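Right, one structure below, let's go through it.
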Amino acid sequence: MKIAVMGAMVEEITPLLERFKEYERVEFGGNRFYTLKYKGIDVTIAYSKIGKVNAALTASILINRFGAQKLLFSGVAGAVDETLHIGDLIAADYLVQHDLDITVFGHPYGFVPEGKIFIKSDEQLLQIADKTASSLGLTLKRGIIATGDQFINSHEKKEWIKKTFNANAIEMEGAGVAFVCDALGIPFFILRAISDAADAKAGFDFDEFLQSSSKISADFIIAMLERMA
Ligand code: ADE
């Protein structure tokens, strides 16, 4: 079994590399990929750099160059849903691009012809996540994650995303990964731990909690890998 574990920022994958310690480093397409064997699973870890385009490129490389058969994403997100607090975990049921807008031609937000607005995550991986959460005594929320090439730090913008897509959390890569995996038939799972509330102090909170929330997410992904081994 070949599994890719991806983050967007170096901080998001550092706890994984620290946990596994022994890996090989391969450079490809302007990025670094870390390959290792864990309990019989071939694991490739990478961070894409921020944004949907970078995320889509890295997901494509993980699948086509490294042969990933499943892709797990680990990272942080801004909370839109007020029941989510810093450090809480959310797994995407569905992902959507909140900044995709050709509404002038009569299409809904997040839609382009021949596409779909919402992409569903793999149900089997979501169930593995649910079992992992209950075995660890953790709460794992499922919800809609909205992705866009913008760091959101405004109450109005956050409320618009919430109202338009019924989103629970926002970040900058998930839907890019989801669209690639969906198109190529690769089961995927997007996990985020909350780093901020996408409000006026989001920039400050993000800097403050990026590392701790990245670790919460990465530890959960490691527990999922153990279950999958
Ligand atoms: N990732 C973490 N917090 C975020 C925010 N407020 N906006 C976009 N992406 C994020």
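So you can find residues: chains in the structure tokens are A, B, ... in the order shown, residues in each start at 1, and ligands are numbered from 1 in order.
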Using DSSP secondary structure from the backbone, list all alpha helix (DSSP H) positions within stretch 11-173 of chain A, as a PyMOL selection string. chain A and resi 11-20+52-64+123-136+155-165
Can you pull out every residue with an atom within 6 Å of ligand 1? Use only C-alpha atoms and all ligand atoms and format it as a PyMOL selection string. chain A and resi 76-78+150-153+170-172+195-196+198+202
Please identify all polymer residues within 7 Å of A:Ile117, counting only C-alpha atoms, omitting same-chain residues fewer than 4 positions from it, and present them as a list in words. Val96, Gly110 and Phe111 of chain A
Restricting the output to all heavy atoms, write the selected residues as an mmCIF file, in the first residue's frame.
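Writing done, so here's result_34.cif:
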```
data_model
loop_
_atom_site.group_PDB
_atom_site.id
_atom_site.type_symbol
_atom_site.label_atom_id
_atom_site.label_comp_id
_atom_site.auth_asym_id
_atom_site.auth_seq_id
_atom_site.Cartn_x
_atom_site.Cartn_y
_atom_site.Cartn_z
ATOM 1 N N VAL A 96 -15.050 22.661 -1.126
ATOM 2 C CA VAL A 96 -15.570 23.583 -2.128
ATOM 3 C C VAL A 96 -14.575 24.732 -2.300
ATOM 4 O O VAL A 96 -13.872 25.083 -1.355
ATOM 5 C CB VAL A 96 -16.962 24.101 -1.676
ATOM 6 C CG1 VAL A 96 -16.895 24.810 -0.329
ATOM 7 C CG2 VAL A 96 -17.582 25.020 -2.699
ATOM 8 N N GLY A 110 -18.616 28.821 -6.826
ATOM 9 C CA GLY A 110 -17.896 27.555 -6.647
ATOM 10 C C GLY A 110 -18.071 26.583 -7.798
ATOM 11 O O GLY A 110 -17.603 25.442 -7.711
ATOM 12 N N PHE A 111 -18.712 27.025 -8.868
ATOM 13 C CA PHE A 111 -19.025 26.102 -9.977
ATOM 14 C C PHE A 111 -18.471 26.599 -11.296
ATOM 15 O O PHE A 111 -18.545 27.784 -11.605
ATOM 16 C CB PHE A 111 -20.542 25.952 -10.096
ATOM 17 C CG PHE A 111 -20.977 25.032 -11.220
ATOM 18 C CD1 PHE A 111 -21.006 23.659 -11.044
ATOM 19 C CD2 PHE A 111 -21.354 25.559 -12.460
ATOM 20 C CE1 PHE A 111 -21.394 22.817 -12.076
ATOM 21 C CE2 PHE A 111 -21.745 24.719 -13.502
ATOM 22 C CZ PHE A 111 -21.756 23.342 -13.312
#
```
Separation of atom CA of A:Leu191 from atom CA of A:Met9 in Å: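 These atoms are spaced 14.1 Å apart.
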Closest to A:Ile222 among A:Ala92, A:Ala129, A:Val53, A:Val10, using only C-alpha atoms?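 Of all the options, A:Ala129 lies closest to A:Ile222.
Shortest separation to A:Ala46 among A:Ala193, A:Ile63, A:Leu138, A:Ala8 occurs at residue A:Ala8, atoms counted being only C-alpha atoms.
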Could you pull the residues within 12 Å of A:Thr44, counting only C-alpha atoms, minus those fewer than 2 positions along the same chain, as a ChimeraX atom specification? /A:1-7,13,16-17,20,23-26,32-38,41-42,46-47,58-59,61-63,65-73
Please identify which residues in stretch 2-228 of chain A DSSP calls strand (DSSP E) from the backbone, and express them as a ChimeraX atom specification. /A:2-7,24-28,31-38,41-47,70-79,89-97,119-120,140-147,169-171,188-196
With only C-alpha atoms as the atoms that count, which of A:Asp101, A:Asp182, A:Asp93, A:Asp130 lies nearest to A:Ala223? A:Asp130
Using only C-alpha atoms, pick whichever of A:Pro15, A:Gly75, A:Gly87, A:Gly51 has the shortest atom-to-atom distance to A:Leu140. A:Gly87
A:Gly115, A:Ile86, A:Ile50, A:Asp81 ranked by distance to A:Phe206, top pick (using only C-alpha atoms): A:Ile86
Within 10 Å of A:Glu159, counting only C-alpha atoms, which residues show up once you throw out same-chain ones fewer than 3 positions away? Write them as a VMD selection string, please. chain A and resid 80 to 81 154 to 156 162 to 164 166 to 167 198 to 199
Residue with smallest distance to A:Phe209 - pool A:Val104, A:Ala197, A:Gly40, A:Trp160, counting only C-alpha atoms: A:Ala197
